[in-house]
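Asker: Take a look at data-v6.txt, compact mmCIF, C-alpha atoms and all ligand atoms:
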# COMPACT_ATOMS: atom_id res chain seq x y z
CA MET A 21 98.68 81.77 106.31
CA VAL A 22 101.99 83.56 106.61
CA VAL A 23 104.77 82.14 104.47
CA PRO A 24 108.12 83.70 105.41
CA SER A 25 110.43 84.11 102.48
CA SER A 26 113.62 85.98 101.84
CA ILE A 27 113.91 85.38 98.13
CA SER A 28 110.47 86.41 96.88
CA SER A 29 111.58 89.96 96.18
CA SER A 30 114.70 89.13 94.16
CA PRO A 31 114.57 90.98 90.85
CA SER A 32 114.68 88.82 87.76
CA PRO A 33 118.15 89.03 86.19
CA ASN A 34 117.01 90.44 82.86
CA GLU A 35 114.43 92.94 84.01
CA ARG A 36 114.95 96.40 82.63
CA VAL A 37 116.07 99.37 84.66
CA ILE A 38 116.19 102.68 82.84
CA ARG A 39 117.19 106.25 83.64
CA ALA A 40 114.08 108.12 82.53
CA GLU A 41 113.40 111.74 83.35
CA ILE A 42 111.70 112.07 86.69
CA PRO A 43 109.85 115.37 87.07
CA ILE A 44 111.78 117.94 89.13
CA ILE A 45 109.50 120.71 90.35
CA ASP A 46 110.89 124.06 91.48
CA LEU A 47 108.62 125.23 94.30
CA SER A 48 109.88 128.83 93.99
CA LYS A 49 108.21 129.23 90.58
CA LYS A 50 104.75 130.74 89.98
CA ARG A 51 102.05 129.02 92.07
CA SER A 52 99.65 128.50 89.16
CA GLN A 53 102.42 126.76 87.20
CA VAL A 54 103.67 124.71 90.11
CA ARG A 55 100.25 123.25 90.94
CA GLU A 56 99.73 122.15 87.34
CA LEU A 57 103.12 120.43 87.21
CA ILE A 58 102.40 118.70 90.53
CA VAL A 59 99.02 117.41 89.34
CA LYS A 60 100.53 116.16 86.07
CA ALA A 61 103.39 114.33 87.81
CA SER A 62 101.00 112.83 90.39
CA GLU A 63 98.77 111.49 87.60
CA GLU A 64 101.58 110.16 85.41
CA TYR A 65 104.08 108.82 87.95
CA GLY A 66 102.72 109.29 91.45
CA PHE A 67 106.25 110.48 92.09
CA PHE A 68 108.33 113.65 91.62
CA LYS A 69 111.19 115.61 93.14
CA VAL A 70 110.91 119.08 94.65
CA ILE A 71 113.70 121.67 94.84
CA ASN A 72 113.75 125.07 96.55
CA HIS A 73 111.50 123.45 99.13
CA GLY A 74 112.38 125.78 102.00
CA VAL A 75 113.48 123.12 104.52
CA ALA A 76 116.64 124.55 106.12
CA LYS A 77 119.91 122.73 105.45
CA GLN A 78 120.72 122.76 109.16
CA THR A 79 117.44 121.08 110.07
CA ILE A 80 118.30 118.26 107.69
CA GLU A 81 121.95 118.01 108.78
CA LYS A 82 121.02 117.75 112.47
CA ILE A 83 118.70 114.78 112.10
CA GLU A 84 121.04 113.17 109.58
CA ARG A 85 123.90 113.35 112.10
CA GLU A 86 121.69 111.85 114.84
CA GLY A 87 120.71 109.09 112.40
CA PHE A 88 124.29 108.19 111.43
CA ASP A 89 125.34 108.26 115.11
CA PHE A 90 122.52 105.92 115.98
CA PHE A 91 123.27 103.37 113.24
CA ALA A 92 126.99 103.47 114.14
CA LYS A 93 126.24 102.09 117.61
CA SER A 94 126.80 98.46 118.54
CA ALA A 95 124.10 95.94 117.70
CA SER A 96 123.24 95.41 121.36
CA GLU A 97 122.77 99.15 121.89
CA LYS A 98 120.52 99.44 118.86
CA HIS A 99 118.44 96.43 119.85
CA LYS A 100 117.50 98.31 123.04
CA ALA A 101 115.24 100.40 120.77
CA GLY A 102 113.64 97.26 119.30
CA PRO A 103 112.04 95.03 118.23
CA PRO A 104 109.75 97.19 116.09
CA ASN A 105 106.15 96.90 117.30
CA PRO A 106 105.90 98.46 114.60
CA LEU A 107 107.67 101.54 116.05
CA GLY A 108 111.34 101.22 117.05
CA TYR A 109 114.54 99.69 115.73
CA GLY A 110 114.51 96.77 113.30
CA ILE A 111 117.03 94.97 111.15
CA LYS A 112 116.44 92.85 108.03
CA ASN A 113 112.85 91.96 109.00
CA ILE A 114 110.25 94.32 107.58
CA GLY A 115 106.74 94.19 109.08
CA PHE A 116 105.24 91.04 110.58
CA SER A 117 104.65 88.89 107.50
CA GLY A 118 108.12 87.57 106.69
CA ASP A 119 109.43 90.32 104.41
CA LYS A 120 113.18 90.84 104.51
CA GLY A 121 115.71 93.29 103.10
CA GLU A 122 119.30 94.46 103.44
CA VAL A 123 118.32 97.31 105.72
CA GLU A 124 118.19 98.42 109.32
CA TYR A 125 115.78 101.12 110.39
CA LEU A 126 114.18 103.22 113.07
CA ILE A 127 110.47 104.07 112.94
CA LEU A 128 109.12 106.88 115.14
CA HIS A 129 105.69 108.39 115.57
CA THR A 130 105.68 112.14 114.84
CA ASN A 131 103.94 113.22 118.00
CA PRO A 132 106.47 114.84 120.37
CA GLN A 133 105.56 112.70 123.43
CA SER A 134 106.17 109.52 121.50
CA ILE A 135 109.55 110.81 120.23
CA SER A 136 110.79 111.74 123.71
CA GLN A 137 109.58 108.34 125.08
CA ARG A 138 111.53 106.51 122.38
CA SER A 139 114.65 108.61 122.65
CA LYS A 140 115.25 107.23 126.15
CA SER A 141 116.20 103.92 124.58
CA ILE A 142 118.05 105.17 121.51
CA SER A 143 121.17 106.73 122.93
CA LYS A 144 124.19 105.59 124.96
CA ASP A 145 123.74 108.68 127.05
CA PRO A 146 119.94 108.81 127.30
CA SER A 147 119.85 112.38 128.56
CA LYS A 148 121.88 113.47 125.51
CA PHE A 149 119.57 111.91 122.94
CA ARG A 150 116.59 113.23 124.84
CA VAL A 151 117.90 116.74 124.41
CA CYS A 152 119.60 116.59 120.98
CA GLY A 153 117.93 113.58 119.37
CA SER A 154 114.34 114.40 120.09
CA CYS A 155 114.67 118.10 119.34
CA ALA A 156 116.42 117.31 116.03
CA VAL A 157 113.52 114.98 115.18
CA ASN A 158 110.86 117.48 116.31
CA GLU A 159 112.43 120.29 114.31
CA TYR A 160 112.61 118.06 111.22
CA VAL A 161 109.01 116.85 111.67
CA HIS A 162 107.80 120.43 111.94
CA ALA A 163 109.61 121.43 108.72
CA VAL A 164 108.61 118.42 106.59
CA ARG A 165 105.02 118.52 107.80
CA ASN A 166 104.78 122.13 106.62
CA LEU A 167 106.28 121.18 103.26
CA ALA A 168 103.88 118.24 102.93
CA CYS A 169 100.91 120.50 103.73
CA GLU A 170 102.06 123.06 101.17
CA ILE A 171 102.29 120.35 98.48
CA LEU A 172 98.89 118.90 99.46
CA ASP A 173 97.29 122.38 99.23
CA LEU A 174 98.81 122.85 95.76
CA MET A 175 97.35 119.47 94.78
CA ALA A 176 93.88 120.39 96.08
CA GLU A 177 94.04 123.69 94.15
CA GLY A 178 95.26 121.96 91.01
CA LEU A 179 92.35 119.49 91.25
CA TRP A 180 89.88 122.39 91.78
CA ALA A 181 88.70 120.95 95.09
CA HIS A 182 86.18 123.19 96.93
CA ASP A 183 88.08 122.85 100.17
CA LYS A 184 91.74 123.66 99.56
CA THR A 185 92.77 122.05 102.86
CA VAL A 186 90.89 118.80 102.32
CA PHE A 187 94.16 116.79 102.26
CA SER A 188 96.49 118.87 104.44
CA ARG A 189 94.15 119.12 107.43
CA LEU A 190 94.37 115.33 107.86
CA ILE A 191 98.10 115.53 108.57
CA ARG A 192 97.87 118.85 110.49
CA ASP A 193 95.44 117.21 112.93
CA VAL A 194 97.02 116.72 116.38
CA ASP A 195 95.89 113.09 116.22
CA SER A 196 97.50 112.46 112.83
CA ASP A 197 99.13 109.02 112.68
CA SER A 198 102.17 110.26 110.70
CA LEU A 199 105.55 108.52 111.03
CA ILE A 200 109.23 109.25 110.57
CA ARG A 201 111.41 106.43 109.33
CA LEU A 202 115.20 106.30 108.99
CA ASN A 203 116.55 103.50 106.79
CA HIS A 204 120.22 102.56 106.75
CA TYR A 205 121.46 100.35 103.92
CA PRO A 206 124.89 98.80 104.51
CA SER A 207 127.63 99.42 101.98
CA PHE A 208 128.25 96.61 99.58
CA ASN A 209 131.63 94.97 99.51
CA ASP A 210 132.76 91.45 98.70
CA THR A 211 133.44 90.58 102.32
CA ASN A 212 129.99 91.24 103.70
CA LEU A 213 128.31 88.90 101.24
CA ASP A 214 126.71 86.87 104.02
CA ASP A 215 124.43 85.04 101.60
CA TRP A 216 127.42 84.02 99.48
CA ASP A 217 127.64 80.24 99.28
CA PRO A 218 131.31 79.27 99.70
CA SER A 219 130.67 75.72 98.45
CA LEU A 220 129.95 77.07 94.98
CA PRO A 221 132.95 77.46 92.69
CA TYR A 222 133.95 81.06 92.11
CA HIS A 223 132.18 82.22 89.02
CA HIS A 224 132.49 85.75 87.85
CA HIS A 225 129.05 85.86 86.24
CA HIS A 226 127.31 84.60 89.36
CA HIS A 227 129.29 87.01 91.47
CA HIS A 228 128.46 89.88 89.17
CA MET A 229 124.74 89.11 89.34
CA LYS A 230 124.77 89.09 93.12
CA ARG A 231 126.47 92.48 93.08
CA LYS A 232 123.65 94.04 91.12
CA SER A 233 120.67 92.42 92.74
CA ARG A 234 120.80 92.98 96.46
CA ILE A 235 117.37 94.17 97.56
CA GLY A 236 117.44 96.76 100.35
CA PHE A 237 113.68 97.34 100.56
CA GLY A 238 111.32 95.32 98.36
CA GLU A 239 108.73 96.64 95.91
CA HIS A 240 105.66 98.27 97.50
CA SER A 241 103.45 101.33 97.59
CA ASP A 242 103.23 103.50 100.71
CA PRO A 243 99.85 103.19 102.45
CA GLN A 244 99.59 106.78 103.78
CA ILE A 245 98.61 110.07 102.08
CA LEU A 246 101.99 111.40 101.01
CA THR A 247 105.63 110.48 101.65
CA LEU A 248 108.51 112.96 101.68
CA LEU A 249 111.78 111.11 101.20
CA ARG A 250 115.36 112.31 101.15
CA SER A 251 118.67 110.47 101.31
CA ASN A 252 122.37 111.07 101.33
CA ASP A 253 124.05 111.13 97.91
CA VAL A 254 123.91 107.35 97.38
CA GLU A 255 121.79 105.72 94.70
CA GLY A 256 119.41 102.81 95.18
CA LEU A 257 115.84 104.13 94.95
CA GLN A 258 113.83 102.95 91.93
CA ILE A 259 110.25 103.54 90.91
CA SER A 260 108.09 101.23 88.85
CA LEU A 261 106.32 102.42 85.71
CA GLU A 262 102.99 101.00 84.58
CA ASN A 263 104.73 99.17 81.69
CA GLY A 264 106.77 97.14 84.19
CA MET A 265 110.03 99.05 83.75
CA TRP A 266 112.04 100.30 86.71
CA VAL A 267 113.43 103.83 86.78
CA SER A 268 116.48 104.64 88.89
CA VAL A 269 116.05 107.88 90.80
CA PRO A 270 119.36 109.78 90.76
CA PRO A 271 120.31 110.66 94.35
CA ASP A 272 120.17 114.32 95.33
CA SER A 273 120.62 115.11 99.01
CA SER A 274 119.26 118.63 98.58
CA ALA A 275 115.92 117.58 97.05
CA PHE A 276 112.87 115.84 98.49
CA CYS A 277 111.18 113.00 96.66
CA VAL A 278 107.40 113.12 96.89
CA ASN A 279 105.54 109.87 96.72
CA ILE A 280 101.73 109.56 96.46
CA GLY A 281 100.36 107.05 98.99
CA ASP A 282 97.37 104.69 98.73
CA VAL A 283 95.07 107.02 100.72
CA LEU A 284 95.61 109.87 98.24
CA GLN A 285 94.95 107.50 95.33
CA ALA A 286 91.62 106.64 97.00
CA MET A 287 90.73 110.28 97.79
CA THR A 288 91.46 111.36 94.20
CA ASN A 289 89.36 108.42 92.97
CA GLY A 290 92.36 106.95 91.17
CA ARG A 291 93.45 110.15 89.40
CA PHE A 292 96.71 110.20 91.35
CA ILE A 293 98.58 106.91 91.52
CA SER A 294 100.44 105.58 94.51
CA ALA A 295 103.82 104.83 92.98
CA ARG A 296 105.38 101.41 93.52
CA HIS A 297 109.03 101.72 94.48
CA ARG A 298 111.93 99.72 95.92
CA VAL A 299 115.51 100.22 97.05
CA MET A 300 118.55 98.28 95.81
CA ALA A 301 121.52 98.04 98.18
CA ASN A 302 124.51 97.57 95.87
CA SER A 303 126.48 100.74 96.50
CA ALA A 304 130.02 100.83 97.90
CA LYS A 305 128.79 103.60 100.22
CA ALA A 306 126.17 103.16 102.93
CA ARG A 307 122.84 104.81 102.11
CA MET A 308 120.69 106.54 104.69
CA SER A 309 117.22 107.76 103.84
CA MET A 310 114.63 109.58 105.92
CA MET A 311 110.95 109.33 105.20
CA TYR A 312 108.05 111.35 106.54
CA PHE A 313 104.82 109.40 106.03
CA GLY A 314 101.91 111.85 106.29
CA ALA A 315 98.89 109.92 107.60
CA PRO A 316 95.34 110.74 108.78
CA PRO A 317 94.14 110.30 112.38
CA LEU A 318 93.14 106.67 113.06
CA HIS A 319 89.39 107.41 113.03
CA ALA A 320 89.34 109.72 110.00
CA TRP A 321 87.11 108.60 107.13
CA ILE A 322 88.71 108.30 103.71
CA ALA A 323 86.56 108.47 100.57
CA PRO A 324 86.88 109.76 96.99
CA LEU A 325 86.28 113.55 96.79
CA GLN A 326 82.78 114.47 95.58
CA GLU A 327 84.32 116.85 93.00
CA LEU A 328 86.08 113.96 91.31
CA ILE A 329 82.98 111.79 90.96
CA THR A 330 80.94 112.04 87.79
CA ARG A 331 78.74 109.73 85.72
CA GLU A 332 81.82 108.76 83.72
CA ASN A 333 83.94 108.45 86.86
CA PRO A 334 81.89 106.62 89.50
CA PRO A 335 83.56 106.03 92.88
CA LEU A 336 86.29 103.40 92.57
CA TYR A 337 86.72 102.90 96.32
CA ARG A 338 84.34 102.55 99.25
CA ALA A 339 84.75 104.76 102.32
CA PHE A 340 87.06 103.40 105.02
CA THR A 341 88.81 104.63 108.13
CA TRP A 342 92.60 104.91 108.28
CA CYS A 343 92.46 102.49 111.20
CA GLU A 344 90.78 99.90 109.01
CA TYR A 345 93.25 100.49 106.20
CA LYS A 346 96.23 100.22 108.53
CA LYS A 347 94.97 96.92 109.90
CA ALA A 348 94.72 95.55 106.37
CA THR A 349 98.23 96.86 105.60
CA TYR A 350 99.86 95.11 108.54
CA SER A 351 98.08 91.84 107.86
CA LEU A 352 99.49 91.73 104.32
CA ARG A 353 102.89 91.37 102.67
CA LEU A 354 104.97 94.40 101.74
CA GLY A 355 104.31 94.08 97.99
CA ASP A 356 100.58 93.30 98.20
CA GLY A 357 98.07 95.62 96.52
CA ARG A 358 95.99 96.49 99.61
CA LEU A 359 93.89 99.16 97.90
CA ASP A 360 92.25 96.42 95.82
CA LEU A 361 90.46 95.24 98.97
CA PHE A 362 88.60 98.56 99.09
CA ARG A 363 87.57 98.75 95.42
CA VAL A 364 83.90 99.10 94.63
CA HIS A 365 82.56 96.44 92.33
CA ASP A 366 80.44 97.55 89.46
CA HIS A 367 77.06 96.08 90.52
CA HIS A 368 75.24 97.23 87.43
CA HIS A 369 77.76 95.61 85.14
CA HIS A 370 77.78 92.47 87.28
CA GLU A 371 73.97 92.04 87.18
CA HIS A 372 74.02 92.59 83.49
CA THR A 373 76.57 89.83 83.02
CA ILE A 374 74.48 87.40 85.08
CA VAL A 375 71.32 88.18 83.09
CA ALA A 376 73.20 87.83 79.83
CA ALA A 377 74.62 84.46 80.93
C1 LIG B 1 105.47 94.34 105.53
C2 LIG B 1 105.03 95.46 106.03
C3 LIG B 1 105.92 96.57 106.56
C4 LIG B 1 105.01 97.77 106.51
C5 LIG B 1 103.72 97.13 106.99
C6 LIG B 1 103.61 95.90 106.08
O1 LIG B 1 102.76 94.89 106.54
C7 LIG B 1 103.16 96.38 104.68
C8 LIG B 1 103.53 97.86 104.43
C9 LIG B 1 104.88 98.27 105.02
C10 LIG B 1 105.06 99.78 105.07
C11 LIG B 1 105.65 100.39 103.80
C12 LIG B 1 105.73 101.90 103.96
C13 LIG B 1 106.31 102.33 105.32
O2 LIG B 1 107.70 102.11 105.33
C14 LIG B 1 105.64 101.52 106.47
C15 LIG B 1 106.07 102.08 107.84
C16 LIG B 1 104.17 101.51 106.29
O3 LIG B 1 103.35 102.23 106.79
O4 LIG B 1 103.82 100.47 105.45
C17 LIG B 1 105.94 100.05 106.26
C18 LIG B 1 105.43 99.03 107.31
C19 LIG B 1 106.49 98.76 108.37
O5 LIG B 1 107.67 98.61 108.05
O6 LIG B 1 106.12 98.70 109.56
O1 LIG B 2 114.78 103.98 101.95
C1 LIG B 2 114.20 104.48 100.97
O2 LIG B 2 114.75 105.25 100.18
C2 LIG B 2 112.75 104.12 100.69
C3 LIG B 2 112.19 103.19 101.73
C4 LIG B 2 110.72 103.04 101.59
O3 LIG B 2 110.20 103.02 100.51
C5 LIG B 2 109.91 102.94 102.81
O4 LIG B 2 110.48 102.89 103.92
O5 LIG B 2 108.68 102.90 102.68
FE FE B 3 108.08 103.26 100.65
Write the structure described by the file as structure tokens, please.
Ligand SMILES: C=C1C[C@]23C[C@@]1(O)CC[C@H]2[C@@]12CC[C@H](O)[C@@](C)(C(=O)O1)[C@H]2[C@@H]3C(=O)O
Ligand SMILES: O=C(O)CCC(=O)C(=O)O
Ligand SMILES: [Fe+2]

Answerer:
Amino acid sequence: MVVPSSISSSPSPNERVIRAEIPIIDLSKKRSQVRELIVKASEEYGFFKVINHGVAKQTIEKIEREGFDFFAKSASEKHKAGPPNPLGYGIKNIGFSGDKGEVEYLILHTNPQSISQRSKSISKDPSKFRVCGSCAVNEYVHAVRNLACEILDLMAEGLWAHDKTVFSRLIRDVDSDSLIRLNHYPSFNDTNLDDWDPSLPYHHHHHHMKRKSRIGFGEHSDPQILTLLRSNDVEGLQISLENGMWVSVPPDSSAFCVNIGDVLQAMTNGRFISARHRVMANSAKARMSMMYFGAPPLHAWIAPLQELITRENPPLYRAFTWCEYKKATYSLRLGDGRLDLFRVHDHHHHEHTIVAA
């Protein structure tokens, strides 16, 4: 049963948010060093930043301009690119299970035909977006896909996988199901507090709490292999540590944030963790982020790498197709732990318990 709710993701008022050190990895350093740092960060946090990543400033600026132009359009214009099915324009509603956030977004498939199809409905002057919009997106996709593949190859090397392209070839495949997503979080000011209850007496404390607790995008892990995220210089992104603390990620428009997805957690047999993250929307400036979600083709099989399976480390997950995983994802809530559905149960241990009982 689907229970729509808009308050489920509200953070508790006294939960702790800290400014811990998030690994920043300089990709221009020695390869043998870089791959070790990447593996370490992927095991400890499932999250890190990369600098000197080689994606041209202009490539980023072009798509960013197209994104801001799109979100600046009137609501009726933007709705022409919606509702999200799941591709397209959406506002406040995330997915199909009742999740909500202070965000509007545009989700595109990365294959060029799909981008040019979509761009017909995402510009006032359709011919203009077709030319500028879709080539800005294609150029960006090309650049971030290469960066994602480079990082995935470094990971495979760092894990001593036999096949160094075991991860990257899934997103290089022409049938890869990768996505581009632009999220736009409105600026926060006292006048756009649409959930403010005017019947309540003005109370500074209450007001102050609302200021700090507006959820832009609720807590979740990304289902794909790897996410490359960048934003303008506005804060909001937080990642969750295993001890339940939240870490604010300082904004840096020149860096990319790398986020391990559920599929990579499964393929590394749990050695890499898919980081849980969320976005708060309490800044006086609007935030715009762009995500590349690197995904396998729909019919690709996902299973833990042989090299990472030993007597001490038996397979934690059963094999599944990306199609199957995606279906599970869309049937669940944003914050649900979908990977748990694919965990292998320890039969030996189970039998033993029954005998002992
Ligand atoms: C509530 C949902 C939105 C989402 C699909 C889902 O049912 C659960 C996962 C969500 C998520 C999170 C990461 C990406 O932004 C996304 C595109 C994805 O693949 O999984 C979104 C989905 C979405 O917004 O369509
Ligand atoms: O907007 C962001 O910075 C992150 C959003 C996110 O996590 C997502 O779209 O999956
Ligand atoms: Fe995410």

Asker: Expressed in Å to a single decimal, how great is the separation between CA of Ala156 in chain A and CA of Ser273 in chain A?

Answerer: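 CA of Ser273 in chain A lies 17.7 Å from CA of Ala156 in chain A.
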
Asker: 7 Å from ligand FE 3 (chain B) is the threshold here; counting only C-alpha atoms and all ligand atoms, which polymer residues fall inside it? Answer as number ranges by chain.

Answerer: A: 240-242, 297

Asker: Mind pulling up the distance from atom O2 of ligand LIG 2 (chain B) to CA of Trp266 in chain A?

Answerer: 14.6 Å

Asker: Where does chain A meet ligand LIG 1 (chain B) within 7 Å, residue by residue, with the nearest atom pair and distance in Å to one decimal for each, counting all atoms listed in the file, listed by chain and rising number, as CSV?

Answerer:
residue,atom,partner,partner_atom,distance
A:Pro106,CA,B:LIG1,O6,5.1
A:Ile114,CA,B:LIG1,C3,5.0
A:Gly115,CA,B:LIG1,C3,3.6
A:Phe116,CA,B:LIG1,C1,6.0
A:Ser117,CA,B:LIG1,C1,5.9
A:Asp119,CA,B:LIG1,C1,5.8
A:Arg201,CA,B:LIG1,O2,7.0
A:His240,CA,B:LIG1,C11,6.6
A:Ser241,CA,B:LIG1,C11,6.7
A:Asp242,CA,B:LIG1,C12,4.4
A:Pro243,CA,B:LIG1,O3,5.7
A:Gln244,CA,B:LIG1,O3,6.6
A:Thr349,CA,B:LIG1,O1,5.0
A:Tyr350,CA,B:LIG1,O1,3.5
A:Ser351,CA,B:LIG1,O1,5.7
A:Leu352,CA,B:LIG1,O1,5.1
A:Arg353,CA,B:LIG1,C1,4.9
A:Leu354,CA,B:LIG1,C1,3.8

Asker: Of the candidates A:Ile71, A:Ile127, A:Ala181, A:Ala304, which shows the shortest atom-to-atom distance to ligand LIG 2 (chain B), using only C-alpha atoms and all ligand atoms?

Answerer: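 Using only C-alpha atoms and all ligand atoms, the shortest distance to ligand LIG 2 (chain B) belongs to A:Ile127.
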
Asker: Have a look at A:Leu202, A:Val157, A:Leu261, A:Ile293 and name the one nearest to Lys82 in chain A; count all atoms listed in the file.

Answerer: A:Val157

Asker: Which residues are near ligand LIG 2 (chain B) - at most 6 Å, using only C-alpha atoms and all ligand atoms? Format: as a VMD selection string.

Answerer: chain A and resid 203 242 257 298 to 299 309

Asker: Would you compute the distance between CA of Gly108 in chain A and CA of Asp356 in chain A? Give it in Å to one decimal.

Answerer: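 Taking CA of Gly108 in chain A as the start and CA of Asp356 in chain A as the end point, the length is 23.1 Å.
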